[in-house]
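Remarks on the structure that follows.
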Amino acid sequence: MAPINEASTTWEKTNRTAIPYPDPKPAKNCPYKVAFEKPIHINVIGSYTSQTMVKSQSNFAVDMIVVMPASLFSEKDYRDYRYFYKRAFFLAYIADALRKRFSELDFVYTNFNGNVLLPILVARPQAQSSKKQDIETQEQKGKPLNYEIRVIPNAPEGFFPMSKLLATGSSIRRNETEDSKDAKLPTPFYNSTLKSESQFVSYLKLLHRATNTCASFRDACILGRIWLQQRGFSGDAADGGFGHFHWAVLMALLLQTGGRKGEPVLSPSLHASQLFKATLQYLASSHLHKKALVLGSAPKNPEAIRQNGPVLYDSAREINIMYNTTTWSAFMLNEHAKLSLAVINDPQVDQFDSLFITKVNQPLQMFDLFVKIKIAPDVARNSPGIFDGKSPTMAIAEDIYRTLKKALGERAKLINIQLPKPSTWKITSSSTITKLDGILVGIMCDSAKASQGREFGPLYEQKKDAARFREFWGDIAELWQFPSGEIVESVNWTEYSPLGYFGICQAIINYILKSRLKLTEDNIEFHGQEFSNVISLSPTDKASFNNAKDAFSVFEKDIRELEDLPLSVRQIASISSETRFSSLRSPTPNQRKQGATPIDVVLSFEASGKWPENIAAIQRAKIALLLQIGRSLEEAKDGIKTHIGLEDASRETENLAFLDIMYKDGFSFRLRVHSDQEETLLDRQTKDQTLDRHVRTEAAALLSSARWRSAILPLHNQSISTYCTRFPALSSSIRLAKHWFNSHRLGNYFNEPLIELFVLQAFLQPHPFPMPSSTSTGFLRTLLLLASYDWRVEPMIVDPSDSLSASERLDISTRLEAWRKIDANMNRTTLFVATPFDVTGVAYTQGIPKVIATRMTTLARSATKAAKDKGIELDPRTLFQSGLRDYDVIIRLSAKAIKGVLRDDGTKHSHFKNLDESGSSEALPLPEPPISALLRRLNSVYATPLLFFHGGPEDTVIAALWNPQLHTRGFSANMPSSFKPTGADSDTFELNREAVLAEIARIGGDMIEKIDVKNG
Amino acid sequence: MPETSTSFGDFSTLAVSIPPLPSYPVQATHYIYLRRNTPKIATPDDSRSLYLANVPIDSTEAHFRALFSTLVGAGRFESIAFEQDRKITKISHEPAQAERLARHHKKRKREDEELQHQKEEAAAKLPDTWTRELHRSGSSAIALLADEKSVDLVLKAINKLKKTKKYPVWGEGVKEGVPALGAQWLKTHNKLSYPGNAVVQAVVDAYFTVFNRKEEEAQQLAKRLRNEPDEDGFVMVTRGGRSAPARRDEAEEAKQKMLERQQKKKDETQNFYRFQLREKRKAEQMELLKKFDEDRKKVMAMKEKRGKFRPEA
């Protein structure tokens, strides 16, 4: 035995292995001695021995404990890091010996569970570290190379005096000379670390016993392990400090005790999944973050276990199991347990996937607001955590958490801090270079509460609380008098109100971190708003949506007040996305603006025998009704102009006309009439076996489009509108999702209501995540939903109010199976989305070819993968970028010509003189955007050979793909497209691509600037 | 083209050269396949008409007039009927009553009446919203020529083209009057979609004058037929007899009520006797077993599909 200083200098002189002393390093003049002696025993512990490892683990570690003999230590060694210095020396000795013995292994130091007091030795096979770049390829081959052996020195069982190491006790007394107050600060973390050092064996026994008494304990451990792993929890402090070990110990203890009267919570006869669920239940119902939990008999002195952070006290071993768990991760653990329990109790969702398969540890999918904080090295110096033996990063993270928690209060539902991953360091240097990395704070906001402009504190009269409030907020605290006369302390953030909740939270965080923790603004970086900026969403949009809704109510009233209608009005329903908070562009009343769309309205009358009994005649009768309504409206109200417009109908039995009603300086509406009689007649036709088949299919198509407009859309409108007010983030998420579909040129296949359903579904079934509370999470979760949605085999059932019974759900699934049987190649039906108001499942998804559906899935998958891999570094704009490389044909339109079509030049077309006479000398009412008209024509002309892609109204490119199924074929008089002979003398024919493109060029005329064709 | 190909049969190929456009500067060739028209149901004009397959999508009568005059000189071409014009199913505008009666009671139409009807129909037609129609890609048409000789001439001229390779140019020699496509076409479409309330009102009025008159006539006829036996001695039962027939919705309502009554009766007699309860339990058990079996199959299928369950990394 030699005094520590002397020993370490001689050691370092003679050996190349460094001694991993924890900070602060031992003082120069310490008298106590260090040495190496043969360990009492060596044992392999952990999940390797208990056979609870799983394949999906990121690395496989075999834990090996080396119990140091008691003779090395003296009684007072629990104080002032002495034990840890001796342990470090012991470890260096082992490291040196092993290094000399096993040259084929790489040896590094790391901290045990991120605890800087406990360095350990890690041995890895050399091949792995030298070929890091090959790891990926090796993983693909399925070679397990990711293993390591961890050598953990620890103290003999029962060595330390428990009474000295209570949570309230103070074991570090070095600052006595500087400041007497510091000396008395309790050091719960340090004490618990010491206590845990002598309990490895005891816990090994506990787990062993549990495995023996409870048959499915091991399986339940594996379930727990995967559950924790998918949520990013592990024993490492940076990952929360609650890993599979803690899970196993918790279960083992709950098999013995834990109930209200000390009875066991779990029974050994339970099945593994039951054990798992019961443990989750325990975690969900225990408020770890608020209250200390005691497992076993109550401690003699309840105060003695109290400490900051979560407490799960094992009274048999007198230790807080969760001493290394951070407060925020205890919160997260509780939240996740609650969410998972909700999943278990909900029969409608895929429990297995959301519990064990989905990777939940994705910050972008979880949090709304991110703060990246760079920490200057000196900031952590005065943090209380430092004096408790914690690492500086951990100490400052705790300070930040406490401060933000208090400052944000109810504005934040969850705050999580992501710490930098623990590092290993070579055994030739004594410790890692203590560089302070940035930490990442993820905040889930309660957008309703967070957008509150003013923060109210305690009453002015409550002096003590008020003083504390003022102390916390500093200069900006002010007094606020309510109309009732009450005076409260308050802080004013209303100047940030126009920026929405994000702006307010940002201001609060900026201020409080600066004033309380002396962090400067250049050290703080905010993320999360980028998604909203993609389409410049603004909090004021809500008002313009409300304007549109109000305008519609006025319109409805105006119609209902008309007296001279031949039939009585039953319902007037708006079916435009403008009136359900979900149109991509917020509605503007300026109707003259180019491309302004009217609000679609459907008017249905009470059932009446007055309708003619002929579908074509009904269509004409509708026109007559519209004309009458228009006349009456113009007479009854000032400032209303009406125009009858003709639909682009190809048959007399389709709806033929609509009425545009334009309010002066207001919104414009497009009214269509619905007739029950028409539906009855069509229904009769579809069922009439005596009719020709094509007549019946035609009637079925007309019937479904009539039902879509008159029955489904009004209900859809209502429910989306309701849920947009109930879930504040829904509206903006829908709009962003629409933009995503548009920017990938899928918008012309996926109609708006369908996209709305997708997003709504992501909100209704957010499992395993909590309900999205911001645009970014809502949008990303939608993509996640689409990425995992296997439309080939499963229906999507969007049931907001849980009104579908189990048998109805079963019916829907059966219907999908039936569709797949009839149409196995999915030529007609691809996606299958059912709602309570459309149980057929195909109303929303008509006209989506398989290629398009597959493309959606692929795009969603790559987007979610980018979000997962890049985390907050992700630039959201990249998700909305779409190249033109994938398309065969690119039709570039001339922006000038488009504008020219929409601009009214006043000249009349000479060809139709009669029109000029009929008094239509005014400007065009509501011109249809030329691209959509052109696209519609192209689609009808080239339905078979080409698949057209087009984004939103701003997109001036129409892209197209050739149908790969149009092979070279023999001649038939009825070709699906323009064909040409393959050679001069052959009798096979192939698609005449040049001629088709030349035709498109002729159709487009001056609208088309250029047609580009992909080579090859 | 060799005449050996069976499917190709007696079609001859007419290559039409398509001039390049600034937006698509490629010289393309379009192929029209044509033969003598031999429809299943013969018409008097068959001998002097040609069946054309794969006509260009922007074809008009003027285009084909020009095309045929470059082939065989002016004056040979009479008219052309495109696929969509021929195929459209005749949609009845007759009131239901009239239609029902018409099935039993054929009324001979006089020629002047026919003419009158045509006039009325034209007045009741809604204005077109497009100045020029497009045809489906690969669609067909039937061209009517002046006489049989013209048909022969055309086919001969096409055969000759194969040697000279001097293909006619599409759109060349088309006289004025074919409305342009492109921006102008779309713009006019927007205008034509709003023909003005007065115009539409006039059309609708014209339509319902006819429709109401037909309804009236049908009623008159029905009244007359009510007491009139036909040649076999049967008297037709028509609407509007002594007791008015039930309206359709009323009938449906009544049916609904009846069904409900039946259901109620059925419900009342169930779960009463012991054997009923026993049978019900048995059925439930069977159902459960069946469901369990189905679920097991489903899990198997899922396992097969995914390989092994693997947590996402």
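Following the order of the structure tokens, chains are lettered A, B, ..., residues in each are numbered from 1, and ligands are numbered from 1.
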Determine which residues of chain B sit within 7 Å of chain A, taking into account only C-alpha atoms, and present them as an MDAnalysis selection string. chainID B and resid 1:2 5 7:8 23:24 28:31 53:54 57 93 95:96 135:139 181:183 186:187 190:191 193:199 201 204 310:313
Selection export as a compact mmCIF listing (two decimals), in the first residue's frame, atoms kept: N, CA and C atoms:
# COMPACT_ATOMS: atom_id res chain seq x y z
N MET B 1 -47.95 -3.10 -96.03
CA MET B 1 -48.47 -4.09 -95.09
C MET B 1 -48.78 -5.39 -95.81
N PRO B 2 -48.25 -6.48 -95.33
CA PRO B 2 -48.62 -7.75 -95.97
C PRO B 2 -50.06 -8.09 -95.66
N SER B 5 -51.61 -11.04 -92.58
CA SER B 5 -52.02 -10.94 -91.18
C SER B 5 -53.54 -11.03 -91.06
N SER B 7 -55.50 -10.68 -88.30
CA SER B 7 -56.17 -9.67 -87.48
C SER B 7 -56.20 -8.34 -88.22
N PHE B 8 -55.12 -8.08 -88.90
CA PHE B 8 -55.04 -6.80 -89.59
C PHE B 8 -56.01 -6.79 -90.77
N SER B 23 -43.24 23.89 -79.43
CA SER B 23 -43.15 23.28 -78.11
C SER B 23 -42.71 21.83 -78.18
N TYR B 24 -42.86 21.22 -79.36
CA TYR B 24 -42.42 19.83 -79.52
C TYR B 24 -41.85 19.68 -80.92
N ALA B 28 -43.30 13.95 -86.42
CA ALA B 28 -43.92 12.67 -86.06
C ALA B 28 -44.78 12.18 -87.21
N THR B 29 -45.10 10.91 -87.16
CA THR B 29 -45.99 10.34 -88.17
C THR B 29 -47.14 9.65 -87.46
N HIS B 30 -48.33 9.97 -87.87
CA HIS B 30 -49.50 9.34 -87.28
C HIS B 30 -50.04 8.32 -88.28
N TYR B 31 -50.54 7.20 -87.77
CA TYR B 31 -51.04 6.16 -88.67
C TYR B 31 -52.53 6.00 -88.50
N ALA B 53 -59.77 3.69 -88.28
CA ALA B 53 -59.36 3.44 -86.89
C ALA B 53 -58.20 4.34 -86.55
N ASN B 54 -58.11 4.68 -85.27
CA ASN B 54 -57.00 5.50 -84.77
C ASN B 54 -56.94 6.87 -85.45
N ILE B 57 -56.59 12.83 -82.21
CA ILE B 57 -57.55 13.28 -81.21
C ILE B 57 -58.15 14.64 -81.56
N HIS B 93 -85.86 11.49 -73.11
CA HIS B 93 -86.38 12.65 -72.40
C HIS B 93 -87.88 12.51 -72.17
N PRO B 95 -91.34 11.47 -70.49
CA PRO B 95 -91.81 11.22 -69.13
C PRO B 95 -92.04 9.72 -68.95
N ALA B 96 -91.89 9.27 -67.71
CA ALA B 96 -91.95 7.83 -67.45
C ALA B 96 -93.26 7.22 -67.92
N HIS B 135 -61.18 13.86 -79.29
CA HIS B 135 -61.56 12.45 -79.33
C HIS B 135 -60.60 11.65 -78.48
N ARG B 136 -61.10 10.52 -78.00
CA ARG B 136 -60.25 9.63 -77.22
C ARG B 136 -59.10 9.16 -78.10
N SER B 137 -57.94 9.04 -77.51
CA SER B 137 -56.79 8.57 -78.28
C SER B 137 -57.06 7.16 -78.77
N GLY B 138 -56.86 6.94 -80.07
CA GLY B 138 -57.07 5.61 -80.64
C GLY B 138 -58.50 5.33 -81.03
N SER B 139 -59.33 6.35 -81.09
CA SER B 139 -60.74 6.09 -81.38
C SER B 139 -60.96 6.02 -82.91
N LEU B 181 -57.18 25.44 -80.83
CA LEU B 181 -57.05 24.84 -79.49
C LEU B 181 -56.12 25.75 -78.68
N GLY B 182 -55.64 25.24 -77.56
CA GLY B 182 -54.69 26.02 -76.77
C GLY B 182 -55.38 27.01 -75.88
N ALA B 183 -54.67 28.08 -75.57
CA ALA B 183 -55.15 29.05 -74.58
C ALA B 183 -56.50 29.64 -74.99
N LEU B 186 -59.30 27.26 -74.23
CA LEU B 186 -59.63 27.20 -72.81
C LEU B 186 -60.34 28.46 -72.35
N LYS B 187 -59.89 29.56 -72.90
CA LYS B 187 -60.48 30.82 -72.52
C LYS B 187 -61.95 30.88 -72.96
N ASN B 190 -64.16 28.87 -70.74
CA ASN B 190 -64.58 29.58 -69.53
C ASN B 190 -65.75 30.50 -69.82
N LYS B 191 -65.69 31.14 -70.97
CA LYS B 191 -66.77 32.06 -71.32
C LYS B 191 -68.04 31.30 -71.63
N SER B 193 -68.97 28.55 -70.56
CA SER B 193 -69.59 27.92 -69.39
C SER B 193 -70.64 28.82 -68.76
N TYR B 194 -70.54 30.10 -69.05
CA TYR B 194 -71.54 31.02 -68.52
C TYR B 194 -72.32 31.64 -69.67
N PRO B 195 -73.28 30.92 -70.20
CA PRO B 195 -73.98 31.46 -71.38
C PRO B 195 -74.92 32.60 -71.03
N GLY B 196 -75.06 32.89 -69.78
CA GLY B 196 -75.99 33.95 -69.40
C GLY B 196 -77.30 33.35 -68.94
N ASN B 197 -77.83 33.93 -67.87
CA ASN B 197 -79.04 33.35 -67.27
C ASN B 197 -80.21 33.32 -68.24
N ALA B 198 -80.30 34.38 -69.07
CA ALA B 198 -81.47 34.48 -69.96
C ALA B 198 -81.46 33.36 -70.98
N VAL B 199 -80.27 33.06 -71.52
CA VAL B 199 -80.16 32.02 -72.54
C VAL B 199 -80.60 30.68 -71.95
N GLN B 201 -82.38 30.14 -69.37
CA GLN B 201 -83.80 30.16 -69.03
C GLN B 201 -84.63 29.80 -70.27
N VAL B 204 -84.38 26.09 -70.97
CA VAL B 204 -85.14 25.29 -70.02
C VAL B 204 -86.64 25.44 -70.28
N ARG B 310 -40.11 -7.83 -36.04
CA ARG B 310 -38.84 -7.22 -35.69
C ARG B 310 -39.07 -5.77 -35.29
N PRO B 311 -38.67 -5.41 -34.09
CA PRO B 311 -38.85 -4.01 -33.69
C PRO B 311 -38.06 -3.09 -34.61
N GLU B 312 -38.64 -1.96 -34.92
CA GLU B 312 -37.95 -1.00 -35.77
C GLU B 312 -36.70 -0.49 -35.09
N ALA B 313 -35.63 -0.29 -35.83
CA ALA B 313 -34.40 0.23 -35.23
C ALA B 313 -34.43 1.74 -35.21
Write out as a ChimeraX atom specification all residues of segment 126-284 of chain A that DSSP puts in helix (DSSP H, G or I) for this structure's backbone. /A:126-130,132-141,162-165,174-176,180-183,188-197,200-213,217-230,237-239,244-254,272-284
Looking at only C-alpha atoms, which of A:Asn59, A:Asn963, A:Ser932, A:Asn825 is the one that sits closest to Val889 of chain A?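 Of the candidates, the smallest distance to Val889 of chain A is held by A:Asn963.
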Residues of segment 109-195 of chain B classed as strand (DSSP E) by DSSP on the backbone are to be reported as an NGL selection string. :B and (141-145)
At a cut-off of 10 Å, using only C-alpha atoms, what residues contact segment 28-39 of chain A? Leave out same-chain residues fewer than 6 positions from it and give the result as a ChimeraX atom specification. /A:1-8,65-74,77,82-83,85-94,153-156
Residues as selected, N, CA and C atoms, written as a short mmCIF file (atom, residue, chain, number, x, y, z; two decimals), in the first residue's frame, can you do that?
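Contents of the output file part_39.cif:
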data_model
loop_
_atom_site.label_atom_id
_atom_site.label_comp_id
_atom_site.auth_asym_id
_atom_site.auth_seq_id
_atom_site.Cartn_x
_atom_site.Cartn_y
_atom_site.Cartn_z
N MET A 1 0.84 -1.21 0.00
CA MET A 1 0.00 0.00 0.00
C MET A 1 0.87 1.26 0.00
N ALA A 2 0.46 2.13 -0.88
CA ALA A 2 1.20 3.40 -0.93
C ALA A 2 0.20 4.55 -0.91
N PRO A 3 0.57 5.68 -0.41
CA PRO A 3 -0.33 6.85 -0.45
C PRO A 3 -0.71 7.14 -1.90
N ILE A 4 -1.89 7.64 -2.03
CA ILE A 4 -2.49 7.73 -3.36
C ILE A 4 -1.62 8.50 -4.36
N ASN A 5 -1.07 9.60 -3.91
CA ASN A 5 -0.31 10.44 -4.84
C ASN A 5 0.93 9.73 -5.34
N GLU A 6 1.62 9.19 -4.38
CA GLU A 6 2.86 8.49 -4.68
C GLU A 6 2.56 7.32 -5.61
N ALA A 7 1.50 6.57 -5.24
CA ALA A 7 1.15 5.38 -6.00
C ALA A 7 0.83 5.73 -7.44
N SER A 8 0.06 6.79 -7.64
CA SER A 8 -0.34 7.10 -9.01
C SER A 8 0.84 7.59 -9.84
N ILE A 65 -18.72 -8.72 -12.88
CA ILE A 65 -18.35 -7.93 -11.70
C ILE A 65 -17.10 -8.53 -11.06
N VAL A 66 -16.30 -7.61 -10.55
CA VAL A 66 -15.09 -8.00 -9.84
C VAL A 66 -15.22 -7.41 -8.44
N VAL A 67 -15.41 -8.26 -7.46
CA VAL A 67 -15.63 -7.73 -6.11
C VAL A 67 -14.29 -7.52 -5.43
N MET A 68 -14.07 -6.26 -5.03
CA MET A 68 -12.79 -5.92 -4.41
C MET A 68 -12.82 -6.36 -2.96
N PRO A 69 -11.68 -6.79 -2.44
CA PRO A 69 -11.65 -7.24 -1.04
C PRO A 69 -11.79 -6.07 -0.07
N ALA A 70 -12.43 -6.33 1.06
CA ALA A 70 -12.68 -5.27 2.05
C ALA A 70 -11.38 -4.76 2.63
N SER A 71 -10.36 -5.56 2.57
CA SER A 71 -9.11 -5.15 3.20
C SER A 71 -8.48 -3.94 2.51
N LEU A 72 -8.93 -3.65 1.31
CA LEU A 72 -8.39 -2.49 0.61
C LEU A 72 -8.91 -1.18 1.19
N PHE A 73 -10.04 -1.26 1.84
CA PHE A 73 -10.72 -0.01 2.22
C PHE A 73 -10.72 0.18 3.72
N SER A 74 -10.88 1.42 4.09
CA SER A 74 -11.03 1.70 5.52
C SER A 74 -12.46 2.20 5.74
N ASP A 77 -14.00 5.44 4.12
CA ASP A 77 -13.81 5.61 2.69
C ASP A 77 -15.05 6.07 1.95
N ARG A 82 -13.18 8.98 -1.67
CA ARG A 82 -12.03 8.10 -1.41
C ARG A 82 -12.24 6.72 -2.01
N TYR A 83 -13.46 6.20 -1.77
CA TYR A 83 -13.74 4.88 -2.31
C TYR A 83 -13.53 4.87 -3.82
N TYR A 85 -11.66 6.75 -5.70
CA TYR A 85 -10.25 6.82 -6.12
C TYR A 85 -9.63 5.44 -6.04
N LYS A 86 -9.91 4.76 -4.94
CA LYS A 86 -9.33 3.44 -4.76
C LYS A 86 -9.83 2.47 -5.83
N ARG A 87 -11.11 2.61 -6.12
CA ARG A 87 -11.72 1.76 -7.14
C ARG A 87 -11.06 2.02 -8.50
N ALA A 88 -10.81 3.30 -8.78
CA ALA A 88 -10.21 3.66 -10.07
C ALA A 88 -8.82 3.04 -10.19
N PHE A 89 -8.11 3.09 -9.10
CA PHE A 89 -6.76 2.53 -9.12
C PHE A 89 -6.82 1.02 -9.38
N PHE A 90 -7.76 0.38 -8.68
CA PHE A 90 -7.97 -1.06 -8.82
C PHE A 90 -8.29 -1.41 -10.28
N LEU A 91 -9.13 -0.58 -10.87
CA LEU A 91 -9.55 -0.81 -12.24
C LEU A 91 -8.37 -0.68 -13.20
N ALA A 92 -7.54 0.34 -12.96
CA ALA A 92 -6.39 0.56 -13.84
C ALA A 92 -5.47 -0.66 -13.79
N TYR A 93 -5.36 -1.22 -12.61
CA TYR A 93 -4.49 -2.39 -12.43
C TYR A 93 -5.01 -3.55 -13.29
N ILE A 94 -6.33 -3.79 -13.20
CA ILE A 94 -6.92 -4.87 -13.99
C ILE A 94 -6.74 -4.59 -15.48
N PRO A 153 -15.73 -3.24 -11.42
CA PRO A 153 -15.29 -3.49 -10.04
C PRO A 153 -16.34 -2.99 -9.07
N ASN A 154 -16.55 -3.68 -7.98
CA ASN A 154 -17.44 -3.13 -6.97
C ASN A 154 -17.09 -3.59 -5.58
N ALA A 155 -17.80 -3.05 -4.62
CA ALA A 155 -17.44 -3.23 -3.21
C ALA A 155 -18.09 -4.49 -2.68
N PRO A 156 -17.53 -5.08 -1.64
CA PRO A 156 -18.14 -6.26 -1.03
C PRO A 156 -19.50 -5.93 -0.45
#
Taken to one decimal, the atom CA of Leu517 of chain A-atom CA of Thr193 of chain A distance is 27.5 Å
Quote the spacing between atom CA of Glu252 of chain B and atom CA of Asp267 of chain B in Å to one decimal place. 22.4 Å
Shell of 8 Å around segment 67-75 of chain B, only C-alpha atoms, local chain residues under 5 positions omitted, as a PyMOL selection string: chain B and resi 146+150+153-154+157-158+168-173
Would you mind listing what lies within 8 Å of Lys413 of chain A as a PDB file with N, CA and C atoms, in the first residue's frame, with only C-alpha atoms counted and same-chain residues fewer than 2 positions away left out?
ATOM      1  N   GLU A 410     -47.931  25.395 -17.216  1.00  0.00           N
ATOM      2  CA  GLU A 410     -48.901  24.567 -17.943  1.00  0.00           C
ATOM      3  C   GLU A 410     -48.764  24.678 -19.451  1.00  0.00           C
ATOM      4  N   ARG A 411     -47.951  25.621 -19.888  1.00  0.00           N
ATOM      5  CA  ARG A 411     -47.790  25.749 -21.342  1.00  0.00           C
ATOM      6  C   ARG A 411     -47.161  24.495 -21.931  1.00  0.00           C
ATOM      7  N   ILE A 415     -41.559  18.054 -20.977  1.00  0.00           N
ATOM      8  CA  ILE A 415     -40.256  18.597 -21.343  1.00  0.00           C
ATOM      9  C   ILE A 415     -39.271  17.452 -21.243  1.00  0.00           C
ATOM     10  N   ILE A 443     -39.819  20.052 -26.216  1.00  0.00           N
ATOM     11  CA  ILE A 443     -40.973  20.483 -25.428  1.00  0.00           C
ATOM     12  C   ILE A 443     -42.251  20.169 -26.184  1.00  0.00           C
ATOM     13  N   MET A 444     -43.155  19.511 -25.506  1.00  0.00           N
ATOM     14  CA  MET A 444     -44.465  19.295 -26.099  1.00  0.00           C
ATOM     15  C   MET A 444     -45.400  20.330 -25.505  1.00  0.00           C
ATOM     16  N   CYS A 445     -45.981  21.142 -26.369  1.00  0.00           N
ATOM     17  CA  CYS A 445     -46.756  22.275 -25.868  1.00  0.00           C
ATOM     18  C   CYS A 445     -48.233  21.933 -25.787  1.00  0.00           C
ATOM     19  N   ASP A 446     -48.889  22.639 -24.923  1.00  0.00           N
ATOM     20  CA  ASP A 446     -50.339  22.617 -24.897  1.00  0.00           C
ATOM     21  C   ASP A 446     -50.743  23.895 -25.607  1.00  0.00           C
TER      22      ASP A 446
END
I'd like the contact shell of His767 of chain A - 10 Å cut-off, only C-alpha atoms, skipping same-chain residues fewer than 3 positions apart - returned as an NGL selection string. :A and (339-340 or 342-343 or 349-351 or 353-355 or 358 or 360 or 762-764 or 770-771 or 781)
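Atom CA of Val534 of chain A is found 24.4 Å from atom CA of Ile373 of chain A.
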